[in-house]
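Colleague: Quick one, work_31.txt (compact mmCIF, C-alpha atoms):
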# COMPACT_ATOMS: atom_id res chain seq x y z
CA MET W 1 -21.69 -19.89 16.45
CA ALA W 2 -18.15 -21.12 15.93
CA GLU W 3 -16.05 -19.03 13.59
CA GLU W 4 -15.17 -20.81 10.40
CA VAL W 5 -12.11 -19.50 8.64
CA VAL W 6 -10.67 -21.00 5.45
CA LEU W 7 -7.68 -19.76 3.44
CA LEU W 8 -7.34 -20.81 -0.19
CA ASP W 9 -3.63 -20.52 -0.81
CA PHE W 10 -0.54 -21.58 -2.80
CA TRP W 11 2.61 -22.16 -0.78
CA PRO W 12 5.11 -19.89 -2.66
CA SER W 13 2.68 -16.99 -3.00
CA PRO W 14 3.92 -13.89 -1.12
CA PHE W 15 0.31 -12.68 -1.14
CA GLY W 16 -0.90 -15.85 0.59
CA MET W 17 1.91 -15.46 3.14
CA ARG W 18 0.53 -12.04 4.17
CA SER W 19 -2.77 -13.54 5.24
CA ARG W 20 -1.05 -16.50 6.92
CA ILE W 21 1.01 -14.07 9.03
CA ALA W 22 -2.01 -11.93 9.95
CA LEU W 23 -4.03 -14.99 11.01
CA ALA W 24 -1.09 -16.32 13.04
CA GLU W 25 -0.49 -12.95 14.72
CA LYS W 26 -4.11 -12.96 15.89
CA GLY W 27 -3.99 -16.63 16.93
CA ILE W 28 -6.89 -17.56 14.64
CA LYS W 29 -7.51 -21.22 13.90
CA TYR W 30 -8.26 -21.79 10.23
CA GLU W 31 -8.38 -24.43 7.54
CA HIS W 32 -5.58 -24.05 5.03
CA LYS W 33 -6.44 -25.31 1.54
CA GLU W 34 -3.60 -25.65 -0.94
CA GLU W 35 -4.64 -24.90 -4.54
CA ASP W 36 -3.15 -26.38 -7.70
CA LEU W 37 -3.11 -23.30 -9.90
CA ARG W 38 -3.02 -25.39 -13.07
CA ASN W 39 -6.25 -27.05 -11.90
CA LYS W 40 -8.19 -24.55 -9.83
CA SER W 41 -10.87 -25.89 -7.50
CA ALA W 42 -14.56 -25.22 -8.01
CA LEU W 43 -14.50 -23.49 -4.62
CA LEU W 44 -11.82 -21.02 -5.74
CA LEU W 45 -13.67 -20.20 -8.96
CA GLN W 46 -16.88 -19.70 -6.99
CA MET W 47 -15.29 -17.56 -4.26
CA ASN W 48 -13.20 -15.37 -6.56
CA PRO W 49 -15.05 -15.32 -9.89
CA VAL W 50 -13.59 -11.98 -10.98
CA HIS W 51 -9.86 -12.82 -10.70
CA LYS W 52 -9.84 -16.58 -10.00
CA LYS W 53 -6.73 -16.02 -7.87
CA ILE W 54 -5.42 -16.92 -4.45
CA PRO W 55 -5.36 -16.07 -1.65
CA VAL W 56 -9.05 -16.08 -0.77
CA LEU W 57 -10.09 -15.76 2.86
CA ILE W 58 -13.46 -17.36 3.55
CA HIS W 59 -15.03 -16.25 6.84
CA ASN W 60 -18.22 -18.08 7.76
CA GLY W 61 -18.78 -18.88 4.09
CA LYS W 62 -18.20 -15.33 2.80
CA PRO W 63 -15.14 -14.61 0.63
CA VAL W 64 -12.68 -11.74 1.05
CA CYS W 65 -10.33 -11.34 -1.92
CA GLU W 66 -7.04 -9.40 -2.30
CA SER W 67 -4.35 -10.02 0.32
CA LEU W 68 -4.03 -6.49 1.74
CA ILE W 69 -7.81 -6.24 2.05
CA GLN W 70 -7.73 -9.59 3.89
CA VAL W 71 -5.06 -8.30 6.29
CA GLN W 72 -7.11 -5.17 6.99
CA TYR W 73 -10.28 -7.26 7.45
CA ILE W 74 -8.53 -9.67 9.85
CA ASP W 75 -7.19 -6.66 11.76
CA GLU W 76 -10.68 -5.15 12.10
CA VAL W 77 -12.61 -8.30 12.99
CA TRP W 78 -10.02 -9.64 15.49
CA HIS W 79 -9.12 -6.23 16.82
CA ASP W 80 -8.40 -7.15 20.43
CA LYS W 81 -5.07 -8.80 19.73
CA ALA W 82 -1.86 -7.72 17.95
CA PRO W 83 -3.11 -4.62 16.10
CA LEU W 84 -1.49 -4.33 12.68
CA LEU W 85 -2.73 -0.93 11.50
CA PRO W 86 -2.04 2.14 13.66
CA SER W 87 -5.05 3.86 15.23
CA ASP W 88 -3.95 7.36 14.20
CA PRO W 89 -5.47 8.22 10.78
CA TYR W 90 -2.32 9.94 9.47
CA GLN W 91 -0.08 7.02 10.46
CA LYS W 92 -2.66 4.68 8.93
CA ALA W 93 -2.48 6.65 5.67
CA THR W 94 1.33 6.40 5.71
CA ALA W 95 1.12 2.63 6.28
CA ARG W 96 -1.36 2.22 3.41
CA PHE W 97 0.85 4.30 1.11
CA TRP W 98 3.90 2.13 1.75
CA ALA W 99 1.97 -1.15 1.55
CA ASP W 100 0.68 0.02 -1.84
CA TYR W 101 4.25 0.89 -2.88
CA VAL W 102 5.40 -2.64 -1.99
CA ASP W 103 2.42 -4.05 -3.86
CA LYS W 104 3.07 -2.10 -7.05
CA LYS W 105 6.84 -2.49 -7.21
CA ILE W 106 8.36 -5.57 -5.57
CA TYR W 107 6.44 -8.36 -7.30
CA GLU W 108 6.70 -6.86 -10.78
CA VAL W 109 10.34 -5.79 -10.56
CA GLY W 110 11.35 -9.00 -8.75
CA GLY W 111 9.59 -10.97 -11.45
CA ARG W 112 11.70 -9.32 -14.13
CA VAL W 113 14.87 -10.29 -12.23
CA TRP W 114 14.21 -14.04 -12.58
CA LYS W 115 12.33 -13.96 -15.91
CA THR W 116 14.87 -12.02 -17.97
CA LYS W 117 18.55 -12.00 -18.74
CA GLY W 118 21.23 -9.70 -20.14
CA GLU W 119 20.39 -6.01 -20.38
CA LYS W 120 16.78 -6.42 -19.21
CA GLN W 121 17.88 -8.31 -16.11
CA ALA W 122 20.55 -5.72 -15.31
CA THR W 123 17.90 -3.01 -15.45
CA ALA W 124 15.53 -5.05 -13.26
CA LYS W 125 18.27 -5.66 -10.66
CA LYS W 126 19.09 -1.96 -10.53
CA GLU W 127 15.38 -1.08 -10.11
CA LEU W 128 14.94 -3.70 -7.39
CA ILE W 129 17.86 -2.36 -5.37
CA GLU W 130 16.58 1.22 -5.75
CA THR W 131 13.14 0.12 -4.53
CA LEU W 132 14.60 -1.79 -1.59
CA LYS W 133 16.83 1.16 -0.66
CA LEU W 134 13.82 3.45 -0.59
CA LEU W 135 12.04 1.05 1.75
CA GLU W 136 15.19 0.79 3.87
CA LYS W 137 15.17 4.59 4.15
CA GLU W 138 11.52 4.55 5.23
CA LEU W 139 12.32 1.93 7.90
CA GLY W 140 15.06 4.18 9.30
CA ASP W 141 16.09 3.19 12.80
CA LYS W 142 12.77 1.61 13.74
CA PRO W 143 12.85 -2.12 14.55
CA TYR W 144 9.78 -2.62 12.32
CA PHE W 145 7.94 -0.49 9.76
CA GLY W 146 5.13 -0.58 12.32
CA GLY W 147 7.39 0.90 15.00
CA GLU W 148 8.02 -1.24 18.07
CA SER W 149 5.92 -4.12 16.82
CA LEU W 150 5.09 -5.87 13.55
CA GLY W 151 2.63 -3.78 11.52
CA TYR W 152 0.74 -3.62 8.26
CA VAL W 153 3.75 -2.71 6.09
CA ASP W 154 5.91 -5.42 7.70
CA VAL W 155 3.20 -8.01 6.91
CA ALA W 156 2.86 -6.66 3.35
CA PHE W 157 6.60 -6.76 2.68
CA ILE W 158 8.24 -9.62 4.66
CA PRO W 159 6.85 -12.42 2.41
CA PHE W 160 9.09 -11.24 -0.42
CA TYR W 161 12.12 -12.03 1.76
CA SER W 162 11.44 -15.72 1.13
CA TRP W 163 12.11 -14.99 -2.57
CA PHE W 164 15.38 -13.07 -2.04
CA TYR W 165 17.68 -16.12 -2.21
CA ALA W 166 16.09 -17.18 -5.52
CA LEU W 167 16.41 -13.66 -6.95
CA GLU W 168 20.05 -13.42 -5.81
CA LYS W 169 20.92 -16.74 -7.47
CA CYS W 170 19.08 -15.87 -10.69
CA GLY W 171 20.56 -12.39 -10.85
CA ASN W 172 23.97 -13.23 -9.39
CA PHE W 173 23.99 -10.43 -6.84
CA SER W 174 23.71 -9.89 -3.09
CA ILE W 175 20.79 -7.99 -1.65
CA GLU W 176 22.40 -7.95 1.81
CA ALA W 177 25.50 -6.21 0.43
CA GLU W 178 23.32 -3.40 -0.91
CA CYS W 179 20.68 -3.23 1.84
CA PRO W 180 22.14 -4.55 5.11
CA LYS W 181 19.61 -2.76 7.33
CA LEU W 182 16.74 -4.26 5.39
CA ILE W 183 18.12 -7.78 5.78
CA ALA W 184 18.56 -7.11 9.52
CA TRP W 185 14.88 -6.11 9.61
CA ALA W 186 13.90 -9.27 7.71
CA LYS W 187 15.83 -11.51 10.11
CA ARG W 188 14.20 -9.71 13.03
CA CYS W 189 10.76 -10.47 11.54
CA MET W 190 11.75 -14.11 11.02
CA GLN W 191 12.36 -14.37 14.80
CA LYS W 192 8.61 -14.09 15.22
CA GLU W 193 6.79 -17.41 15.14
CA SER W 194 3.92 -16.01 13.06
CA VAL W 195 6.37 -15.05 10.29
CA ALA W 196 8.69 -18.08 10.51
CA LYS W 197 5.70 -20.47 10.30
CA SER W 198 4.21 -18.62 7.32
CA LEU W 199 7.22 -18.28 5.02
CA PRO W 200 8.51 -21.23 2.99
CA ASP W 201 12.13 -22.34 2.95
CA GLN W 202 14.20 -20.13 0.60
CA GLN W 203 15.82 -23.12 -1.12
CA LYS W 204 12.40 -24.57 -1.81
CA VAL W 205 11.34 -21.28 -3.39
CA TYR W 206 14.50 -21.30 -5.54
CA ASP W 207 13.73 -24.85 -6.74
CA PHE W 208 10.21 -23.69 -7.59
CA ILE W 209 11.57 -20.72 -9.60
CA LEU W 210 13.93 -23.04 -11.51
CA GLU W 211 10.95 -25.23 -12.41
CA MET W 212 9.00 -22.18 -13.56
CA LYS W 213 11.94 -21.03 -15.69
CA LYS W 214 12.10 -24.46 -17.35
CA HIS W 215 8.35 -24.43 -17.88
CA PHE W 216 8.44 -20.98 -19.53
CA GLY W 217 11.58 -21.78 -21.48
CA ILE W 218 13.73 -19.17 -19.71
CA GLU W 219 17.36 -20.07 -19.40
CA MET U 1 -8.14 25.77 12.41
CA ALA U 2 -6.47 23.15 10.27
CA VAL U 3 -5.81 24.06 6.68
CA VAL U 4 -6.65 21.67 3.89
CA GLU U 5 -4.88 22.01 0.53
CA LEU U 6 -5.35 19.90 -2.57
CA PHE U 7 -2.82 19.73 -5.39
CA GLY U 8 -4.44 18.57 -8.63
CA THR U 9 -4.73 19.05 -12.37
CA TRP U 10 -7.91 20.19 -14.13
CA PHE U 11 -8.44 16.96 -16.10
CA SER U 12 -7.29 14.35 -13.59
CA PRO U 13 -9.93 11.76 -12.61
CA TYR U 14 -7.83 11.05 -9.50
CA ALA U 15 -7.97 14.70 -8.36
CA TYR U 16 -11.74 14.78 -8.87
CA ARG U 17 -12.17 11.78 -6.57
CA VAL U 18 -10.72 13.87 -3.76
CA ILE U 19 -12.67 17.02 -4.72
CA TRP U 20 -15.98 15.14 -4.52
CA ALA U 21 -15.08 13.50 -1.20
CA LEU U 22 -14.17 16.85 0.36
CA LYS U 23 -17.36 18.47 -0.95
CA LEU U 24 -19.53 15.54 0.19
CA LYS U 25 -18.14 16.04 3.69
CA GLY U 26 -18.49 19.82 3.52
CA ILE U 27 -14.77 20.44 4.01
CA SER U 28 -13.30 23.75 2.78
CA TYR U 29 -10.01 23.46 1.00
CA GLU U 30 -7.60 25.45 -1.07
CA TYR U 31 -7.07 24.04 -4.56
CA ILE U 32 -3.67 24.37 -6.24
CA GLU U 33 -3.49 23.67 -9.98
CA GLU U 34 -0.32 21.86 -11.06
CA ASP U 35 1.18 21.92 -14.53
CA ILE U 36 2.34 18.32 -14.94
CA ARG U 37 4.95 19.37 -17.51
CA ASN U 38 6.39 21.79 -14.97
CA LYS U 39 5.78 20.46 -11.48
CA SER U 40 6.09 22.84 -8.57
CA PRO U 41 8.90 22.39 -6.01
CA LEU U 42 6.19 22.08 -3.36
CA LEU U 43 4.58 19.09 -5.12
CA LEU U 44 7.94 17.38 -5.49
CA GLN U 45 8.61 17.99 -1.81
CA TYR U 46 5.20 16.58 -0.75
CA ASN U 47 5.27 13.58 -3.10
CA PRO U 48 8.92 12.73 -3.72
CA ILE U 49 8.23 9.05 -4.48
CA HIS U 50 5.64 9.34 -7.25
CA LYS U 51 5.77 13.11 -8.03
CA LYS U 52 2.08 12.98 -8.95
CA VAL U 53 -1.25 14.60 -8.17
CA PRO U 54 -3.45 14.49 -6.21
CA VAL U 55 -1.75 15.30 -2.93
CA LEU U 56 -3.82 16.33 0.06
CA VAL U 57 -2.02 18.43 2.63
CA HIS U 58 -3.78 18.53 5.99
CA ASP U 59 -2.23 20.77 8.59
CA GLY U 60 1.04 20.73 6.66
CA LYS U 61 1.13 16.92 6.45
CA PRO U 62 0.97 15.41 2.96
CA ILE U 63 -1.07 12.36 1.98
CA CYS U 64 -0.48 10.83 -1.45
CA LYS U 65 -2.40 8.38 -3.69
CA SER U 66 -6.08 9.06 -4.23
CA THR U 67 -7.39 5.84 -2.62
CA VAL U 68 -5.22 6.46 0.48
CA ILE U 69 -6.44 10.08 0.58
CA LEU U 70 -10.10 9.00 0.30
CA GLN U 71 -9.78 6.59 3.23
CA TYR U 72 -7.99 9.26 5.28
CA ILE U 73 -10.73 11.81 4.55
CA ASP U 74 -13.40 9.27 5.51
CA GLU U 75 -11.70 8.56 8.84
CA ILE U 76 -10.90 12.16 9.83
CA TRP U 77 -14.33 13.53 8.85
CA PRO U 78 -16.89 10.80 9.60
CA GLN U 79 -20.00 12.71 8.38
CA ASN U 80 -21.51 11.30 5.17
CA PRO U 81 -19.50 8.06 5.40
CA LEU U 82 -17.99 6.86 2.13
CA LEU U 83 -17.45 3.25 3.20
CA PRO U 84 -19.83 0.75 4.86
CA ALA U 85 -19.55 0.39 8.64
CA ASP U 86 -19.67 -3.42 8.60
CA PRO U 87 -16.14 -4.91 8.16
CA TYR U 88 -17.29 -7.48 5.58
CA ASP U 89 -19.21 -4.95 3.47
CA ARG U 90 -16.22 -2.66 3.75
CA ALA U 91 -13.90 -5.43 2.49
CA VAL U 92 -16.19 -5.92 -0.53
CA ALA U 93 -16.24 -2.15 -1.21
CA LEU U 94 -12.42 -2.02 -0.97
CA PHE U 95 -12.22 -4.96 -3.44
CA TRP U 96 -14.18 -2.97 -6.03
CA ILE U 97 -12.23 0.20 -5.35
CA LYS U 98 -8.98 -1.72 -6.00
CA PHE U 99 -10.48 -3.28 -9.12
CA ALA U 100 -11.45 0.15 -10.48
CA ASP U 101 -8.10 1.63 -9.50
CA ASP U 102 -6.19 -1.18 -11.24
CA LYS U 103 -8.12 -0.47 -14.46
CA VAL U 104 -7.63 3.28 -14.79
CA TYR U 105 -4.42 2.54 -16.74
CA LEU U 106 -6.72 1.42 -19.59
CA MET U 107 -7.35 5.12 -20.23
CA SER U 108 -3.74 5.82 -21.22
CA LYS U 109 -3.37 2.38 -22.82
CA LEU U 110 -6.14 3.13 -25.31
CA TYR U 111 -5.04 6.76 -25.74
CA GLN U 112 -1.53 5.73 -26.78
CA ALA U 113 -2.48 2.78 -28.96
CA ASP U 114 -3.07 2.37 -32.65
CA GLY U 115 -3.49 -0.64 -34.92
CA GLU U 116 -3.16 -4.02 -33.20
CA GLU U 117 -2.45 -2.44 -29.81
CA GLN U 118 -5.71 -0.52 -30.10
CA ARG U 119 -7.70 -3.71 -30.74
CA ALA U 120 -6.10 -5.27 -27.65
CA ALA U 121 -6.87 -2.18 -25.54
CA VAL U 122 -10.52 -2.15 -26.67
CA LYS U 123 -10.83 -5.85 -25.78
CA GLU U 124 -9.53 -5.11 -22.27
CA TRP U 125 -12.00 -2.25 -21.88
CA LEU U 126 -14.91 -4.51 -22.86
CA GLU U 127 -13.76 -7.20 -20.42
CA MET U 128 -13.69 -4.60 -17.63
CA LEU U 129 -17.15 -3.32 -18.49
CA GLU U 130 -18.46 -6.90 -18.52
CA VAL U 131 -17.14 -7.48 -14.99
CA MET U 132 -18.85 -4.27 -13.85
CA GLU U 133 -22.08 -5.38 -15.49
CA GLU U 134 -22.07 -9.02 -14.35
CA HIS U 135 -20.41 -8.84 -10.95
CA ALA U 136 -20.21 -5.36 -9.51
CA LEU U 137 -23.64 -3.91 -10.18
CA ILE U 138 -25.85 -6.83 -9.22
CA GLY U 139 -28.72 -6.36 -6.77
CA GLY U 140 -30.59 -3.61 -8.60
CA LYS U 141 -28.96 -0.79 -6.62
CA LYS U 142 -29.01 2.77 -7.87
CA PHE U 143 -25.37 3.27 -6.90
CA PHE U 144 -22.56 1.03 -5.66
CA GLY U 145 -23.20 2.71 -2.31
CA GLY U 146 -26.94 1.88 -2.38
CA ASP U 147 -29.23 4.91 -2.46
CA GLU U 148 -26.32 7.30 -2.15
CA ILE U 149 -22.90 7.29 -3.77
CA ASN U 150 -19.90 6.04 -1.85
CA MET U 151 -16.18 5.52 -2.44
CA VAL U 152 -16.84 2.73 -4.96
CA ASP U 153 -18.93 5.02 -7.19
CA ILE U 154 -16.19 7.65 -6.90
CA ALA U 155 -13.53 5.08 -7.85
CA PHE U 156 -15.45 4.06 -11.02
CA SER U 157 -16.09 7.65 -12.07
CA PHE U 158 -13.55 7.47 -14.89
CA VAL U 159 -16.05 5.20 -16.68
CA ALA U 160 -18.87 7.70 -16.18
CA HIS U 161 -17.18 10.78 -17.65
CA TRP U 162 -13.61 10.27 -18.87
CA LEU U 163 -14.39 7.24 -21.05
CA GLY U 164 -16.75 9.34 -23.18
CA VAL U 165 -14.00 11.88 -23.78
CA LEU U 166 -11.55 9.11 -24.66
CA GLU U 167 -14.00 7.62 -27.17
CA ASP U 168 -14.27 11.02 -28.83
CA VAL U 169 -10.48 11.44 -28.93
CA VAL U 170 -9.73 8.03 -30.48
CA GLY U 171 -12.87 8.05 -32.64
CA LEU U 172 -14.28 4.75 -31.38
CA GLU U 173 -17.49 3.75 -29.63
CA ILE U 174 -16.46 1.30 -26.94
CA PHE U 175 -19.34 1.65 -24.52
CA GLU U 176 -22.64 0.61 -26.14
CA PRO U 177 -25.38 1.33 -23.57
CA HIS U 178 -27.66 -1.49 -24.71
CA LYS U 179 -24.88 -4.02 -24.12
CA PHE U 180 -24.28 -2.80 -20.57
CA PRO U 181 -27.69 -1.75 -19.21
CA ARG U 182 -26.70 -1.75 -15.53
CA VAL U 183 -23.52 0.26 -16.14
CA SER U 184 -25.53 2.63 -18.34
CA SER U 185 -28.12 3.22 -15.60
CA TRP U 186 -25.38 3.77 -13.07
CA ILE U 187 -23.63 6.34 -15.30
CA GLN U 188 -26.86 8.29 -15.77
CA ASN U 189 -27.62 8.21 -12.04
CA PHE U 190 -24.07 9.19 -11.12
CA LYS U 191 -23.91 12.13 -13.49
CA SER U 192 -27.34 13.40 -12.34
CA ILE U 193 -26.15 14.06 -8.81
CA PRO U 194 -25.86 17.87 -8.55
CA LEU U 195 -22.52 17.75 -6.70
CA ILE U 196 -21.04 15.57 -9.47
CA LYS U 197 -22.70 17.40 -12.36
CA GLU U 198 -21.42 20.74 -11.11
CA ASN U 199 -17.90 19.42 -10.53
CA LEU U 200 -16.69 17.78 -13.71
CA PRO U 201 -13.95 18.93 -16.08
CA ASP U 202 -15.34 20.28 -19.34
CA ALA U 203 -15.56 17.38 -21.82
CA ASP U 204 -14.98 19.53 -24.92
CA LYS U 205 -11.96 21.22 -23.39
CA MET U 206 -10.50 17.81 -22.40
CA SER U 207 -11.23 16.39 -25.83
CA ALA U 208 -9.50 19.22 -27.69
CA PHE U 209 -6.52 19.14 -25.34
CA SER U 210 -6.17 15.33 -25.61
CA LYS U 211 -6.69 15.16 -29.40
CA HIS U 212 -3.85 17.59 -29.93
CA GLY U 213 -1.59 15.68 -27.57
CA ARG U 214 -2.46 12.37 -29.21
CA GLU U 215 -1.74 13.65 -32.74
CA MET U 216 1.70 14.78 -31.66
CA MET U 217 2.40 11.52 -29.84
CA LEU U 218 1.31 9.27 -32.75
CA ALA U 219 3.28 11.41 -35.22
CA SER U 220 6.46 11.01 -33.18
CA LYS U 221 5.74 7.27 -32.85
CA SER U 222 5.75 6.74 -36.61
CA ASN U 223 8.91 8.80 -37.16
Take the structure from the file and write it as structure tokens.
Modeller:
Amino acid sequence: MAEEVVLLDFWPSPFGMRSRIALAEKGIKYEHKEEDLRNKSALLLQMNPVHKKIPVLIHNGKPVCESLIQVQYIDEVWHDKAPLLPSDPYQKATARFWADYVDKKIYEVGGRVWKTKGEKQATAKKELIETLKLLEKELGDKPYFGGESLGYVDVAFIPFYSWFYALEKCGNFSIEAECPKLIAWAKRCMQKESVAKSLPDQQKVYDFILEMKKHFGIE
Amino acid sequence: MAVVELFGTWFSPYAYRVIWALKLKGISYEYIEEDIRNKSPLLLQYNPIHKKVPVLVHDGKPICKSTVILQYIDEIWPQNPLLPADPYDRAVALFWIKFADDKVYLMSKLYQADGEEQRAAVKEWLEMLEVMEEHALIGGKKFFGGDEINMVDIAFSFVAHWLGVLEDVVGLEIFEPHKFPRVSSWIQNFKSIPLIKENLPDADKMSAFSKHGREMMLASKSN
């Protein structure tokens, strides 16, 4: 039976990007369905009734929800190419810890950088830099978080790079000035076709953020 | 032989997740009680990022975050598996574990709330219980893991024991068994398992401890 893989997605979503990268790394052909989040499809509501969110990976008609769970699932099912999680249980635990850290911190803190101003924004910027510096420290001298090749933490984290330009413009600061090694890592990831194909243009993301700010009445 | 140490606190639902997993696998471990108001240098060294319990130290190597610890335990000691073998079933189990994990904050949200905030917290609790009832516990299974408990049951354990204590502390009945028959059955089944029954923090002790803490916190809030 032919494998049928569908990804319900939304182009600026860093979570959707994770699954796009994982699928590309494994060379999996899939149908990409763009959702209008103001008018969610019946398919999305049926496949993710609990959260009604993207991304949703549908493999032979069965849905997998939550982006990191999708990446792990893709890694297990298509295990003969480009392994993303290490095989050693302790290294796996370390990778899961840091992917969870990215999950809990970057989106929320980054969100506060573009959604707020004044004192609140200053605090958010400071927190974001602290978070990025911690990740930079974890990266150390390795080319990727996964070591010599792109791994689980790289896939979890690199999508947020496509939002950096927008955050820098909104917050009037430079992430590269504070975290040069991290930006070097990001550019290294972008050299990979699977990543470059999966991340949207940074200017496009900035235009999207400006639209969102107008929509929510944030100046 | 490798040494296994677990840093926890006596009332933490997260620490108990790890205790049950280790006991289910028959793994001996040394338990170290932490005072969260006065954390040990060792804990801060093993978990510098979050500075929280539980931390599992296996052969001198620390693992932090209860869900990460549970998966590690399941991989290192494969007897009595806590996750399904099939990748799809495993992805579904991990979805529910994440769902449960993302809701544990409702414990402290309700604990700290009064007035309007309390009404909002109760509403969120009911929404969570409805999802459990309508989506998670379908299929007439005894446990999330089928005939035996697995990591999903362990992840939802805060509903089975800690919610009751919380209701007592805030003086509200949130969980009405007749409104959530599947969840109610699951709670009874879960708490009947000898390993669980014999390894739960004392409800009265937790209640007294939490009531006192809550009085002080609400008093300082209104000052």
Colleague: Once you add 6 Å to each side, what are the centre and edge lengths of the axis-aligned box holding all listed atoms of segment 65-78 of chain W? One decimal in Å, as JSON, if you can.
Modeller:
{"center_x": -8.3, "center_y": -8.2, "center_z": 6.6, "size_x": 20.6, "size_y": 18.2, "size_z": 29.8}
Colleague: With a cut-off of 10 Å and counting only C-alpha atoms, select all residues of chain U in contact with chain W and give the selection as a ChimeraX atom specification.
Modeller: /U:49-50,58,61-76,86-95,98-99,128,131-132,134-136
Colleague: Can you tell me how far atom CA of Glu119 of chain W sits from atom CA of Pro48 of chain U, in Å to one decimal?
Modeller: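 Going from atom CA of Glu119 of chain W over to atom CA of Pro48 of chain U covers 27.6 Å.
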Colleague: Would you mind listing what lies within 10 Å of Trp186 of chain U as a list in words, with all atoms listed in the file counted and same-chain residues fewer than 3 positions away left out?
Modeller: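 Residues near the query, excluding close chain neighbours: Leu137, Lys141, Lys142, Phe143, Phe144, Asp153, Ala160, Pro181, Arg182, Val183, Asn189, Phe190, Lys191 and Ser192 of chain U.
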Colleague: I need the residue nearest Cys170 of chain W from this list: W:Gly217, W:Pro55, W:Pro14, W:Gly111. Use only C-alpha atoms for the distance.
Modeller: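 Using only C-alpha atoms, Cys170 of chain W sits closest to W:Gly111.
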